[in-house]
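Novice: This is work-v5.pdb, which holds PDB, C-alpha atoms:
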```
MODEL        1
ATOM      1  CA  MET L   1     -13.644 -35.767   1.200
ATOM      2  CA  VAL L   2     -13.393 -32.004   1.316
ATOM      3  CA  THR L   3     -14.053 -30.404  -2.058
ATOM      4  CA  LEU L   4     -13.517 -26.899  -3.392
ATOM      5  CA  GLY L   5     -17.240 -26.292  -2.910
ATOM      6  CA  HIS L   6     -16.970 -26.777   0.864
ATOM      7  CA  TYR L   7     -14.456 -23.953   1.148
ATOM      8  CA  LEU L   8     -16.504 -21.739  -1.170
ATOM      9  CA  ILE L   9     -19.653 -22.330   0.897
ATOM     10  CA  VAL L  10     -17.842 -21.532   4.158
ATOM     11  CA  SER L  11     -16.520 -18.394   2.492
ATOM     12  CA  ALA L  12     -20.030 -17.444   1.282
ATOM     13  CA  ILE L  13     -21.541 -17.910   4.749
ATOM     14  CA  LEU L  14     -18.748 -15.854   6.309
ATOM     15  CA  PHE L  15     -19.346 -13.079   3.776
ATOM     16  CA  ALA L  16     -23.091 -13.131   4.515
ATOM     17  CA  ILE L  17     -22.385 -12.907   8.272
ATOM     18  CA  GLY L  18     -20.190  -9.873   7.677
ATOM     19  CA  PHE L  19     -22.769  -8.308   5.403
ATOM     20  CA  ALA L  20     -25.564  -8.878   7.935
ATOM     21  CA  GLY L  21     -23.319  -7.276  10.557
ATOM     22  CA  VAL L  22     -22.876  -4.149   8.458
ATOM     23  CA  MET L  23     -26.633  -3.976   7.879
ATOM     24  CA  LEU L  24     -27.815  -4.784  11.417
ATOM     25  CA  ARG L  25     -25.339  -3.308  13.877
ATOM     26  CA  ARG L  26     -25.301   0.398  14.630
ATOM     27  CA  ASN L  27     -21.932   0.598  16.396
ATOM     28  CA  ILE L  28     -19.207   1.885  14.052
ATOM     29  CA  ILE L  29     -16.506  -0.323  15.574
ATOM     30  CA  ILE L  30     -18.615  -3.468  15.125
ATOM     31  CA  ILE L  31     -19.331  -2.392  11.540
ATOM     32  CA  LEU L  32     -15.560  -2.133  10.903
ATOM     33  CA  MET L  33     -15.114  -5.645  12.343
ATOM     34  CA  ALA L  34     -17.852  -6.939  10.025
ATOM     35  CA  VAL L  35     -16.038  -5.368   7.066
ATOM     36  CA  GLU L  36     -12.934  -7.295   8.156
ATOM     37  CA  LEU L  37     -14.990 -10.509   8.152
ATOM     38  CA  MET L  38     -16.064  -9.846   4.566
ATOM     39  CA  LEU L  39     -12.471  -9.191   3.447
ATOM     40  CA  ASN L  40     -11.424 -12.461   5.049
ATOM     41  CA  ALA L  41     -14.206 -14.348   3.299
ATOM     42  CA  ALA L  42     -12.810 -13.118  -0.020
ATOM     43  CA  ASN L  43      -9.310 -14.188   1.097
ATOM     44  CA  LEU L  44     -10.548 -17.688   1.916
ATOM     45  CA  SER L  45     -12.035 -18.250  -1.523
ATOM     46  CA  LEU L  46      -8.903 -16.823  -3.186
ATOM     47  CA  VAL L  47      -6.654 -19.222  -1.283
ATOM     48  CA  ALA L  48      -9.000 -22.147  -2.029
ATOM     49  CA  PHE L  49      -8.845 -21.405  -5.766
ATOM     50  CA  SER L  50      -5.076 -20.987  -5.510
ATOM     51  CA  ARG L  51      -4.769 -24.491  -4.049
ATOM     52  CA  PHE L  52      -7.225 -25.869  -6.605
ATOM     53  CA  HIS L  53      -5.416 -24.662  -9.733
ATOM     54  CA  VAL L  54      -2.062 -26.426  -9.584
ATOM     55  CA  ASP L  55       0.356 -25.882 -12.457
ATOM     56  CA  PRO L  56       2.097 -28.772 -14.280
ATOM     57  CA  THR L  57       4.969 -28.881 -11.780
ATOM     58  CA  GLY L  58       2.430 -29.487  -9.026
ATOM     59  CA  ALA L  59       2.766 -26.134  -7.275
ATOM     60  CA  PRO L  60      -0.321 -24.127  -6.270
ATOM     61  CA  ASN L  61      -1.041 -20.907  -8.138
ATOM     62  CA  TYR L  62       0.878 -18.384  -6.081
ATOM     63  CA  ASN L  63      -0.522 -15.333  -7.884
ATOM     64  CA  ALA L  64      -3.691 -15.624  -5.781
ATOM     65  CA  GLN L  65      -1.631 -15.786  -2.593
ATOM     66  CA  VAL L  66       0.237 -12.616  -3.575
ATOM     67  CA  PHE L  67      -3.168 -11.024  -4.100
ATOM     68  CA  VAL L  68      -4.237 -12.135  -0.609
ATOM     69  CA  PHE L  69      -1.038 -10.613   0.758
ATOM     70  CA  PHE L  70      -1.965  -7.270  -0.845
ATOM     71  CA  ILE L  71      -5.534  -7.502   0.484
ATOM     72  CA  ILE L  72      -4.264  -8.071   4.032
ATOM     73  CA  THR L  73      -1.923  -5.071   3.721
ATOM     74  CA  VAL L  74      -4.654  -2.774   2.413
ATOM     75  CA  ALA L  75      -7.045  -4.022   5.121
ATOM     76  CA  ALA L  76      -4.499  -3.127   7.789
ATOM     77  CA  ALA L  77      -4.155   0.408   6.403
ATOM     78  CA  GLU L  78      -7.932   0.706   6.094
ATOM     79  CA  VAL L  79      -8.521  -0.321   9.709
ATOM     80  CA  ALA L  80      -5.916   2.156  10.961
ATOM     81  CA  VAL L  81      -7.513   5.054   9.072
ATOM     82  CA  GLY L  82     -11.051   3.955   9.964
ATOM     83  CA  LEU L  83     -10.303   3.733  13.672
ATOM     84  CA  ALA L  84      -8.560   7.124  13.586
ATOM     85  CA  ILE L  85     -11.744   8.592  12.073
ATOM     86  CA  VAL L  86     -13.801   6.893  14.804
ATOM     87  CA  VAL L  87     -11.576   8.419  17.481
ATOM     88  CA  ALA L  88     -11.824  11.883  15.899
ATOM     89  CA  LEU L  89     -15.599  11.503  15.682
ATOM     90  CA  PHE L  90     -15.825  10.350  19.296
ATOM     91  CA  ARG L  91     -13.957  13.451  20.408
ATOM     92  CA  LEU L  92     -16.514  15.663  18.706
ATOM     93  CA  ARG L  93     -19.703  13.789  19.535
ATOM     94  CA  GLN L  94     -18.972  11.321  22.401
ATOM     95  CA  THR L  95     -20.748   8.531  20.524
ATOM     96  CA  THR L  96     -19.975   5.653  18.181
ATOM     97  CA  HIS L  97     -23.595   5.054  17.252
ATOM     98  CA  VAL L  98     -24.247   5.675  13.568
ATOM     99  CA  GLU L  99     -27.762   7.018  14.120
ATOM    100  CA  ASP L 100     -26.400   9.801  16.338
ATOM    101  CA  ILE L 101     -24.177  10.981  13.491
ATOM    102  CA  SER L 102     -26.580  11.715  10.677
ATOM    103  CA  SER L 103     -25.661  15.268   9.644
ATOM    104  CA  LEU L 104     -22.919  16.105   7.170
ATOM    105  CA  LYS L 105     -21.937  19.338   8.921
ATOM    106  CA  PHE L 106     -21.396  19.660  12.675
TER     107      PHE L 106
ATOM    108  CA  MET K   1      -6.480 -31.810   4.705
ATOM    109  CA  SER K   2      -8.432 -34.141   6.934
ATOM    110  CA  PRO K   3     -12.217 -33.600   6.716
ATOM    111  CA  PHE K   4     -12.518 -33.776  10.499
ATOM    112  CA  LEU K   5     -10.145 -30.833  11.020
ATOM    113  CA  PHE K   6     -11.814 -28.929   8.191
ATOM    114  CA  TRP K   7     -15.227 -29.211   9.838
ATOM    115  CA  ILE K   8     -13.903 -28.261  13.287
ATOM    116  CA  PHE K   9     -12.176 -25.123  12.041
ATOM    117  CA  ALA K  10     -14.986 -24.161   9.658
ATOM    118  CA  LEU K  11     -17.501 -24.415  12.512
ATOM    119  CA  LEU K  12     -15.219 -22.396  14.817
ATOM    120  CA  LEU K  13     -14.849 -19.753  12.100
ATOM    121  CA  LEU K  14     -18.572 -19.425  11.469
ATOM    122  CA  ILE K  15     -19.739 -19.659  15.109
ATOM    123  CA  PHE K  16     -17.304 -17.033  16.333
ATOM    124  CA  GLY K  17     -17.943 -14.935  13.228
ATOM    125  CA  ALA K  18     -21.617 -14.901  14.143
ATOM    126  CA  ALA K  19     -20.683 -14.135  17.756
ATOM    127  CA  VAL K  20     -18.963 -10.948  16.517
ATOM    128  CA  ILE K  21     -22.307  -9.760  15.216
ATOM    129  CA  PHE K  22     -24.525 -10.897  18.081
ATOM    130  CA  ASN K  23     -22.456  -9.827  21.094
ATOM    131  CA  ARG K  24     -23.643  -6.627  22.757
ATOM    132  CA  ASN K  25     -20.272  -5.983  24.378
ATOM    133  CA  PRO K  26     -17.629  -4.623  21.932
ATOM    134  CA  VAL K  27     -14.779  -6.322  23.824
ATOM    135  CA  ALA K  28     -16.483  -9.712  23.504
ATOM    136  CA  SER K  29     -17.001  -9.022  19.800
ATOM    137  CA  ALA K  30     -13.327  -8.225  19.309
ATOM    138  CA  LEU K  31     -12.197 -11.368  21.164
ATOM    139  CA  SER K  32     -14.617 -13.504  19.113
ATOM    140  CA  LEU K  33     -13.085 -11.974  16.003
ATOM    141  CA  VAL K  34      -9.622 -13.081  17.191
ATOM    142  CA  VAL K  35     -10.792 -16.703  17.553
ATOM    143  CA  SER K  36     -12.504 -16.500  14.176
ATOM    144  CA  PHE K  37      -9.287 -15.260  12.529
ATOM    145  CA  LEU K  38      -7.235 -18.006  14.172
ATOM    146  CA  ALA K  39      -9.637 -20.624  12.779
ATOM    147  CA  LEU K  40      -9.357 -18.978   9.368
ATOM    148  CA  ALA K  41      -5.556 -19.182   9.594
ATOM    149  CA  ALA K  42      -5.933 -22.916  10.311
ATOM    150  CA  LEU K  43      -8.059 -23.258   7.174
ATOM    151  CA  PHE K  44      -5.364 -21.452   5.161
ATOM    152  CA  ILE K  45      -2.771 -23.879   6.487
ATOM    153  CA  SER K  46      -5.050 -26.798   5.582
ATOM    154  CA  LEU K  47      -4.891 -25.427   2.015
ATOM    155  CA  ASN K  48      -1.050 -25.587   2.116
ATOM    156  CA  ALA K  49      -0.857 -21.764   2.211
ATOM    157  CA  TYR K  50       1.545 -21.631   5.153
ATOM    158  CA  PHE K  51       2.806 -18.109   4.523
ATOM    159  CA  ILE K  52      -0.705 -16.644   4.279
ATOM    160  CA  GLY K  53      -1.767 -18.519   7.407
ATOM    161  CA  ILE K  54       1.134 -17.128   9.425
ATOM    162  CA  ILE K  55       0.581 -13.625   8.047
ATOM    163  CA  GLN K  56      -3.064 -13.979   9.049
ATOM    164  CA  VAL K  57      -2.113 -14.759  12.645
ATOM    165  CA  LEU K  58       0.564 -12.057  12.831
ATOM    166  CA  VAL K  59      -1.229  -9.197  11.081
ATOM    167  CA  TYR K  60      -4.909  -9.862  11.787
ATOM    168  CA  ALA K  61      -5.025 -11.724  15.081
ATOM    169  CA  GLY K  62      -1.988  -9.791  16.305
ATOM    170  CA  ALA K  63      -1.778  -6.238  15.029
ATOM    171  CA  ILE K  64      -5.256  -5.366  13.801
ATOM    172  CA  MET K  65      -7.111  -6.878  16.745
ATOM    173  CA  VAL K  66      -4.791  -5.184  19.238
ATOM    174  CA  LEU K  67      -5.640  -1.928  17.457
ATOM    175  CA  PHE K  68      -9.369  -2.654  17.793
ATOM    176  CA  LEU K  69      -9.093  -3.558  21.481
ATOM    177  CA  PHE K  70      -6.932  -0.515  22.123
ATOM    178  CA  ILE K  71      -9.496   1.810  20.542
ATOM    179  CA  ILE K  72     -12.353   0.160  22.462
ATOM    180  CA  MET K  73     -10.380   0.670  25.664
ATOM    181  CA  LEU K  74      -9.511   4.264  24.716
ATOM    182  CA  LEU K  75     -13.115   5.199  23.983
ATOM    183  CA  ASP K  76     -14.297   3.364  27.116
ATOM    184  CA  LEU K  77     -17.220   1.713  25.333
ATOM    185  CA  ARG K  78     -19.662  -0.199  27.514
ATOM    186  CA  ALA K  79     -22.028  -2.883  26.390
ATOM    187  CA  GLU K  80     -24.510  -0.781  24.506
ATOM    188  CA  GLU K  81     -27.920  -0.499  26.094
ATOM    189  CA  LEU K  82     -30.799  -1.860  24.099
ATOM    190  CA  ARG K  83     -32.154   0.958  22.043
ATOM    191  CA  LYS K  84     -35.484   0.757  20.336
ATOM    192  CA  ILE K  85     -34.718  -1.643  17.525
ATOM    193  CA  ASN K  86     -35.837  -0.550  14.105
ATOM    194  CA  TRP K  87     -37.496  -3.823  13.106
ATOM    195  CA  VAL K  88     -38.144  -2.804   9.507
ATOM    196  CA  ALA K  89     -34.484  -1.972   8.920
ATOM    197  CA  SER K  90     -33.311  -5.147  10.698
ATOM    198  CA  ALA K  91     -35.659  -7.355   8.686
ATOM    199  CA  GLY K  92     -34.488  -5.612   5.518
ATOM    200  CA  GLY K  93     -30.848  -6.237   6.423
ATOM    201  CA  VAL K  94     -31.448  -9.923   7.147
ATOM    202  CA  ALA K  95     -33.468 -10.296   3.946
ATOM    203  CA  VAL K  96     -30.714  -8.745   1.822
ATOM    204  CA  ALA K  97     -28.063 -10.951   3.473
ATOM    205  CA  LEU K  98     -30.206 -14.058   2.906
ATOM    206  CA  ALA K  99     -30.815 -13.094  -0.732
ATOM    207  CA  LEU K 100     -27.051 -12.687  -1.161
ATOM    208  CA  ILE K 101     -26.299 -16.097   0.332
ATOM    209  CA  VAL K 102     -28.995 -17.778  -1.795
ATOM    210  CA  GLN K 103     -27.455 -16.239  -4.902
ATOM    211  CA  ILE K 104     -23.931 -17.337  -3.968
ATOM    212  CA  PHE K 105     -25.172 -20.860  -3.196
ATOM    213  CA  ALA K 106     -26.937 -20.990  -6.573
ATOM    214  CA  VAL K 107     -23.727 -19.995  -8.348
ATOM    215  CA  ILE K 108     -21.651 -22.549  -6.396
ATOM    216  CA  GLY K 109     -24.281 -25.228  -7.127
ATOM    217  CA  LYS K 110     -23.966 -24.555 -10.848
ATOM    218  CA  LEU K 111     -20.153 -24.526 -10.712
ATOM    219  CA  LYS K 112     -18.896 -27.916 -11.926
ATOM    220  CA  ILE K 113     -15.404 -27.623 -10.434
ATOM    221  CA  ALA K 114     -16.937 -27.033  -6.989
ATOM    222  CA  LYS K 115     -17.639 -30.764  -6.730
ATOM    223  CA  GLN K 116     -14.020 -31.792  -7.378
ATOM    224  CA  THR K 117     -11.542 -32.485  -4.626
ATOM    225  CA  PHE K 118      -8.220 -30.682  -4.511
ATOM    226  CA  PRO K 119      -5.477 -32.143  -6.728
ATOM    227  CA  PRO K 120      -2.696 -33.751  -4.700
ATOM    228  CA  LEU K 121       0.573 -31.907  -4.297
ATOM    229  CA  PRO K 122       3.768 -33.782  -5.247
ATOM    230  CA  THR K 123       4.920 -36.408  -2.765
ATOM    231  CA  PRO K 124       8.247 -36.033  -0.922
ATOM    232  CA  THR K 125       9.932 -38.464  -3.351
ATOM    233  CA  ALA K 126       8.930 -36.282  -6.287
ATOM    234  CA  LEU K 127      10.207 -33.282  -4.344
ATOM    235  CA  ALA K 128      13.601 -34.904  -3.890
ATOM    236  CA  SER K 129      13.898 -35.360  -7.653
ATOM    237  CA  GLY K 130      13.650 -31.639  -8.271
ATOM    238  CA  ALA K 131       9.959 -30.716  -8.376
ATOM    239  CA  SER K 132       9.552 -27.533  -6.376
ATOM    240  CA  THR K 133       6.506 -26.954  -4.230
ATOM    241  CA  SER K 134       5.452 -26.220  -0.670
ATOM    242  CA  ASP K 135       8.250 -23.665  -0.368
ATOM    243  CA  ASP K 136       5.547 -21.059  -0.673
ATOM    244  CA  VAL K 137       7.413 -18.295   1.167
ATOM    245  CA  ARG K 138      10.152 -18.448  -1.477
ATOM    246  CA  GLN K 139       7.703 -18.559  -4.375
ATOM    247  CA  ILE K 140       5.601 -15.656  -3.051
ATOM    248  CA  GLY K 141       8.752 -13.660  -2.379
ATOM    249  CA  LEU K 142       9.991 -14.263  -5.911
ATOM    250  CA  LEU K 143       6.656 -13.152  -7.360
ATOM    251  CA  LEU K 144       6.557 -10.068  -5.128
ATOM    252  CA  PHE K 145       9.983  -8.890  -6.240
ATOM    253  CA  THR K 146       9.619  -9.743  -9.943
ATOM    254  CA  ASN K 147       6.099  -9.792 -11.404
ATOM    255  CA  TYR K 148       4.450  -7.721  -8.702
ATOM    256  CA  ASN K 149       7.270  -5.318  -7.942
ATOM    257  CA  LEU K 150       5.325  -2.189  -8.902
ATOM    258  CA  PRO K 151       2.180  -3.085  -6.877
ATOM    259  CA  PHE K 152       4.485  -3.969  -3.987
ATOM    260  CA  GLN K 153       6.018  -0.493  -4.010
ATOM    261  CA  ILE K 154       2.618   1.140  -4.444
ATOM    262  CA  ILE K 155       1.379  -0.758  -1.377
ATOM    263  CA  GLY K 156       4.334   0.695   0.518
ATOM    264  CA  VAL K 157       3.242   4.199  -0.504
ATOM    265  CA  VAL K 158      -0.347   3.355   0.554
ATOM    266  CA  ILE K 159       0.863   2.407   4.026
ATOM    267  CA  LEU K 160       2.947   5.580   4.253
ATOM    268  CA  VAL K 161      -0.061   7.705   3.251
ATOM    269  CA  ALA K 162      -2.256   5.847   5.758
ATOM    270  CA  THR K 163       0.282   6.516   8.512
ATOM    271  CA  ILE K 164       0.432  10.223   7.713
ATOM    272  CA  GLY K 165      -3.364  10.355   7.471
ATOM    273  CA  VAL K 166      -3.805   8.713  10.864
ATOM    274  CA  VAL K 167      -1.366  11.151  12.452
ATOM    275  CA  MET K 168      -3.189  14.100  10.875
ATOM    276  CA  LEU K 169      -6.602  12.761  11.945
ATOM    277  CA  SER K 170      -5.691  12.044  15.528
ATOM    278  CA  ARG K 171      -3.817  15.298  16.135
ATOM    279  CA  ARG K 172      -5.703  17.685  18.386
ATOM    280  CA  GLU K 173      -6.482  20.929  16.619
ATOM    281  CA  THR K 174      -4.480  23.800  18.033
ATOM    282  CA  ARG K 175      -6.280  26.989  17.271
TER     283      ARG K 175
ENDMDL
END
```
The structure in this file should be written as structure tokens.
Specialist:
Amino acid sequence: MVTLGHYLIVSAILFAIGFAGVMLRRNIIIILMAVELMLNAANLSLVAFSRFHVDPTGAPNYNAQVFVFFIITVAAAEVAVGLAIVVALFRLRQTTHVEDISSLKF
Amino acid sequence: MSPFLFWIFALLLLIFGAAVIFNRNPVASALSLVVSFLALAALFISLNAYFIGIIQVLVYAGAIMVLFLFIIMLLDLRAEELRKINWVASAGGVAVALALIVQIFAVIGKLKIAKQTFPPLPTPTALASGASTSDDVRQIGLLLFTNYNLPFQIIGVVILVATIGVVMLSRRETR
């Protein structure tokens, strides 16, 4: 039988994959994708807890799902701004490699 | 919530999540991320969160990934050539990620409720007699427009600001 712990462990592994991606990869776009993976890992554990804590009428706790809704919205805005910064950076430097962009002032 | 389906989708999620990190080609990474998000949406639906699962497919697998692919196409990124890998930094990154996962596993191992299965939702007969559940779109909508009305409006302002910011960032400077 699938327990709450199974979902939490899948969520933990997904978060670690995203974290390793941010640490290991040097391409800004891949780093943004890894950040998305981490956000989704948090979403998965939130939804699992929402399903776990049912109220007396038998309904899941929908507060967590509203929270997930907000996280998805903020993630969408974050990706849009992040990719716009990547495009602006690419116009200046013709690279998306983080080690080529190490100075604060161009 | 059949265990068989859970394992299939959890494996899909993790394998394609790892493929995002290990692919050299950005397009392959982005497409792996789409499959990973679809598997995650299936896991949401297995948790009876139908609204969140559909939003996941629409917003993540649809909008956000199209944005990623569009930017990759716009920047004309090739599979990056192998640069000299900084082994010390890579080993440090892997070590920190492993330490993180060991810590999370330790916490989950100590958590007593992690060993319990999910409580059953009311059966259709109980639903017919007035218990309300599994109409999660309605419940989330009610919460959004009552309890969480202010955060909901603030999130609208956040999206507006993000839109304006993106337009400002991507405008060519005319000097």
Novice: Pull out every residue of chain L that has at least one atom within 8 Å of chain K, counting only C-alpha atoms, and report them as a PyMOL selection string.
Specialist: chain L and resi 1-6+8-10+12-14+16-21+23-25+29-30+33-34+37+44+47-48+51-52+54+57-60+62-63+65-66+68-70+72-74+76-81+83-85+87-88+90
Novice: Report, in Å with one decimal, the straight-line distance from atom CA of Gln153 of chain K to atom CA of Glu36 of chain L.
Specialist: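 Result for atom CA of Gln153 of chain K versus atom CA of Glu36 of chain L: 23.5 Å, one decimal.
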Novice: Considering only C-alpha atoms, state which residue in the set L:Gly82, L:Asn43, L:Thr95, L:Val35 is at the smallest distance from Ala64 of chain L.
Specialist: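 Answer, going by the shortest atom-to-atom distance: L:Asn43.
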Novice: Out of L:His97, L:Val86, L:Leu39, L:Arg91, which residue has the shortest atom-to-atom distance to Ile71 of chain L when counting only C-alpha atoms?
Specialist: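 Nearest candidate to Ile71 of chain L out of L:His97, L:Val86, L:Leu39, L:Arg91: L:Leu39.
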